[in-house]
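This report concerns only the one structure given below.
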Amino acid sequence: MNYLLGLIISIALGFLATNAIRSQGKMDPFWLIISSTGLGVAISAHIGFYSLFIAGTYSIPAVWAGHVIIATLLLIINYRIYKNHLSTMLPTLRADRKAWIGLLIASLLLVPLWREAHFFPFGGWDAWASWNLKTKFIFLAGDQWKNMMDPSMWRSNNQYPFFLPLVNAWGWCVAQQPSVSTGLFNAILFSFFTACLMFWGLHRLGKGILSVLPPLVLFSIPFINTLSISQYSDIVLAFYLLGCLTSIIIALREKNHALAMTSGMFCGIMGFIKTEGLLAFMICVVVITSYILAAKKESKSLFPSFILPALYSALPAIFFSLFWSTENVSF
């Protein structure tokens, strides 16, 4: 129950952010849900990061205060955007029938994901040795949390950023104690929403109801299923990478500034997930901006809509790389 409360708070913040962005372009209900979840989880993780960066510790009062401040600011922004048309502040949930049917079919994946996740309640090896261990340092070690980046901890991949540990730490913050279920449910969440994102992208690109088949097949493969719920950061990176690329493709097709902005945010968030995520962020920025600037004149207007959110969302990755990143001695 405490996990759900933390998730609801995160998604609410993500919804307020996405709803403000919605004023810049058309956004269908499925992307609204996906973006609200992705941005909301990232906001909670980034608040935890700035607590570490500014206060030197994961301060529970500071983290809660950060959520309250961000929620207040987003509410004010939403009111100012929609104050002349308050009836449009809440989006309609209209979508074509095939999309709802596809989402219903995709939800069948929750059964194997749930079942498999309970065989690995503590996650796989990297979850034990790295990601969940970092969560314990962040949440339990007070101002000594930086010891997780000591060279003697090289087996824990101490050179990696800690987005997923901060997502889990927020769940522990709400529960007021460490909880095994937080990492387990987050693994299911990211796995399921990655499948939904795959369906949404294919559906928007004109593949119809058959768009549900690739995620169903992929996440029904036992090996893929096991890896996705092993509480690793790989599925988290897959979610944000797929969201970045899918939304920018559709944004370019439709000249949609709202999708370009959310694509930029997903792109920036990637950099703080893993070292590979930072590389993916840099590649995406170079490739996407080059394509936009080389495109037709009407598409070039999407450049600031993409690059500014990307750079802002990448600030935790930039600060980590400048001040905390250690030498890679693991490989």
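Each chain of the structure tokens is named A, B, ... in the order shown, its residues numbered from 1; ligands are numbered from 1 in display order.
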For stretch 101-103 of chain A, work out the shell of residues within 8 Å, counting only C-alpha atoms and skipping chain neighbours fewer than 4 positions away, then give it as a PDB file with N, CA, C and O atoms, in the first residue's frame.
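Written file, selection-v2.pdb:
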ATOM      1  N   ARG A  97     -11.136   2.855 -30.650  1.00  0.00           N
ATOM      2  CA  ARG A  97     -11.522   1.584 -30.024  1.00  0.00           C
ATOM      3  C   ARG A  97     -10.407   0.549 -30.090  1.00  0.00           C
ATOM      4  O   ARG A  97     -10.173  -0.199 -29.142  1.00  0.00           O
ATOM      5  N   SER A 107      -2.346  -5.837 -21.394  1.00  0.00           N
ATOM      6  CA  SER A 107      -2.387  -5.995 -19.932  1.00  0.00           C
ATOM      7  C   SER A 107      -2.304  -7.449 -19.497  1.00  0.00           C
ATOM      8  O   SER A 107      -2.028  -7.736 -18.325  1.00  0.00           O
ATOM      9  N   CYS A 196       3.827  -1.516 -23.178  1.00  0.00           N
ATOM     10  CA  CYS A 196       2.766  -0.589 -23.598  1.00  0.00           C
ATOM     11  C   CYS A 196       3.317   0.483 -24.540  1.00  0.00           C
ATOM     12  O   CYS A 196       2.643   0.875 -25.504  1.00  0.00           O
ATOM     13  N   PHE A 199       3.697  -0.963 -27.950  1.00  0.00           N
ATOM     14  CA  PHE A 199       2.391  -1.036 -28.602  1.00  0.00           C
ATOM     15  C   PHE A 199       1.942   0.345 -29.079  1.00  0.00           C
ATOM     16  O   PHE A 199       1.487   0.504 -30.216  1.00  0.00           O
ATOM     17  N   ILE A 209      -4.417  -2.855 -34.699  1.00  0.00           N
ATOM     18  CA  ILE A 209      -4.533  -3.772 -33.571  1.00  0.00           C
ATOM     19  C   ILE A 209      -3.397  -4.786 -33.540  1.00  0.00           C
ATOM     20  O   ILE A 209      -3.035  -5.303 -32.484  1.00  0.00           O
ATOM     21  N   SER A 211      -0.451  -4.201 -33.662  1.00  0.00           N
ATOM     22  CA  SER A 211       0.679  -3.607 -32.945  1.00  0.00           C
ATOM     23  C   SER A 211       0.890  -4.250 -31.585  1.00  0.00           C
ATOM     24  O   SER A 211       1.976  -4.127 -31.001  1.00  0.00           O
ATOM     25  N   VAL A 212      -0.117  -4.922 -31.072  1.00  0.00           N
ATOM     26  CA  VAL A 212       0.001  -5.537 -29.749  1.00  0.00           C
ATOM     27  C   VAL A 212       0.805  -6.832 -29.796  1.00  0.00           C
ATOM     28  O   VAL A 212       1.290  -7.308 -28.763  1.00  0.00           O
TER      29      VAL A 212
END
DSSP alpha helix (DSSP H) selection over stretch 187-237 of chain A, as number ranges by chain:
A: 187-202, 213-220, 222-228, 234-237
Which polymer residues have any atom within 12 Å of an atom of A:Leu293, counting only C-alpha atoms, with same-chain residues fewer than 4 positions away left out, as a PyMOL selection string?
chain A and resi 252+285-289+297-304+306-307
Residue nearest A:Leu133 - candidates A:Asn157, A:Ser290, A:Thr18, A:Ser152, atoms counted: only C-alpha atoms
A:Asn157
Sorted by chain and rising residue number, list the residues of stretch 8-27 of chain A at most 12 Å from stretch 164-171 of chain A (counting only C-alpha atoms), each with its closest atom pair and distance in Å to one decimal, as JSON lines.
{"residue": "A:Ile8", "atom": "CA", "partner": "A:Gly171", "partner_atom": "CA", "distance": 10.8}
{"residue": "A:Ile9", "atom": "CA", "partner": "A:Trp170", "partner_atom": "CA", "distance": 10.4}
{"residue": "A:Ser10", "atom": "CA", "partner": "A:Trp170", "partner_atom": "CA", "distance": 9.3}
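If you measure from each of A:Gly56, A:Pro316, A:Gly6, A:Pro121 to A:Leu184 using only C-alpha atoms, the closest one turns out to be A:Pro121.
For A:Ile34, the non-local neighbours within 7 Å, defined as residues at least 4 positions apart in the same chain or in other chains and counting only C-alpha atoms, are Phe30, Gly38 and Phe193 of chain A.
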Export, as a CSV table (one decimal), in the first residue's frame, the selected residues with C-alpha atoms.
chain,number,residue,atom,x,y,z
A,30,PHE,CA,-2.0,6.7,-24.0
A,38,GLY,CA,8.0,8.2,-16.8
A,193,PHE,CA,5.1,0.2,-19.5
Which residue out of A:Leu5, A:Leu322, A:Ile273, A:Leu315 has the minimum interatomic distance to A:Tyr240 when only C-alpha atoms are used?
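Checking each candidate against A:Tyr240, we get A:Ile273 as the closest.
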Choose the residue, out of A:Ser313, A:Thr72, A:Ser228, A:Ser179, that has the smallest atom-to-atom separation from A:Met261; count only C-alpha atoms.
A:Ser313
Name the residues in contact with A:Gly40 at a cut-off of 6 Å, using only C-alpha atoms, excluding same-chain residues fewer than 5 positions from it; report them as an MDAnalysis selection string.
chainID A and resid 10:11 13:14
Kindly export the residues of the current selection with N, CA and C atoms, as a short mmCIF file (atom, residue, chain, number, x, y, z; two decimals), in the first residue's frame.
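Contents of the output file result.cif:
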data_model
loop_
_atom_site.label_atom_id
_atom_site.label_comp_id
_atom_site.auth_asym_id
_atom_site.auth_seq_id
_atom_site.Cartn_x
_atom_site.Cartn_y
_atom_site.Cartn_z
N SER A 10 4.10 10.21 -7.41
CA SER A 10 5.01 10.43 -8.54
C SER A 10 4.24 10.64 -9.83
N ILE A 11 3.25 9.77 -10.08
CA ILE A 11 2.47 9.88 -11.32
C ILE A 11 1.68 11.18 -11.33
N LEU A 13 2.62 14.05 -10.03
CA LEU A 13 3.57 15.09 -10.44
C LEU A 13 3.86 14.99 -11.94
N GLY A 14 4.02 13.75 -12.42
CA GLY A 14 4.26 13.55 -13.84
C GLY A 14 3.09 14.00 -14.69
#
Of the candidates A:Ile43, A:Ala129, A:Leu189, A:Ala99, which shows the shortest atom-to-atom distance to A:Gly208, using only C-alpha atoms?
A:Ala99
Enter the distance from atom CA of A:Phe239 to atom CA of A:Thr194, in Å, rounded to one decimal.
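According to the coordinates, atom CA of A:Phe239 and atom CA of A:Thr194 are separated by 4.9 Å.
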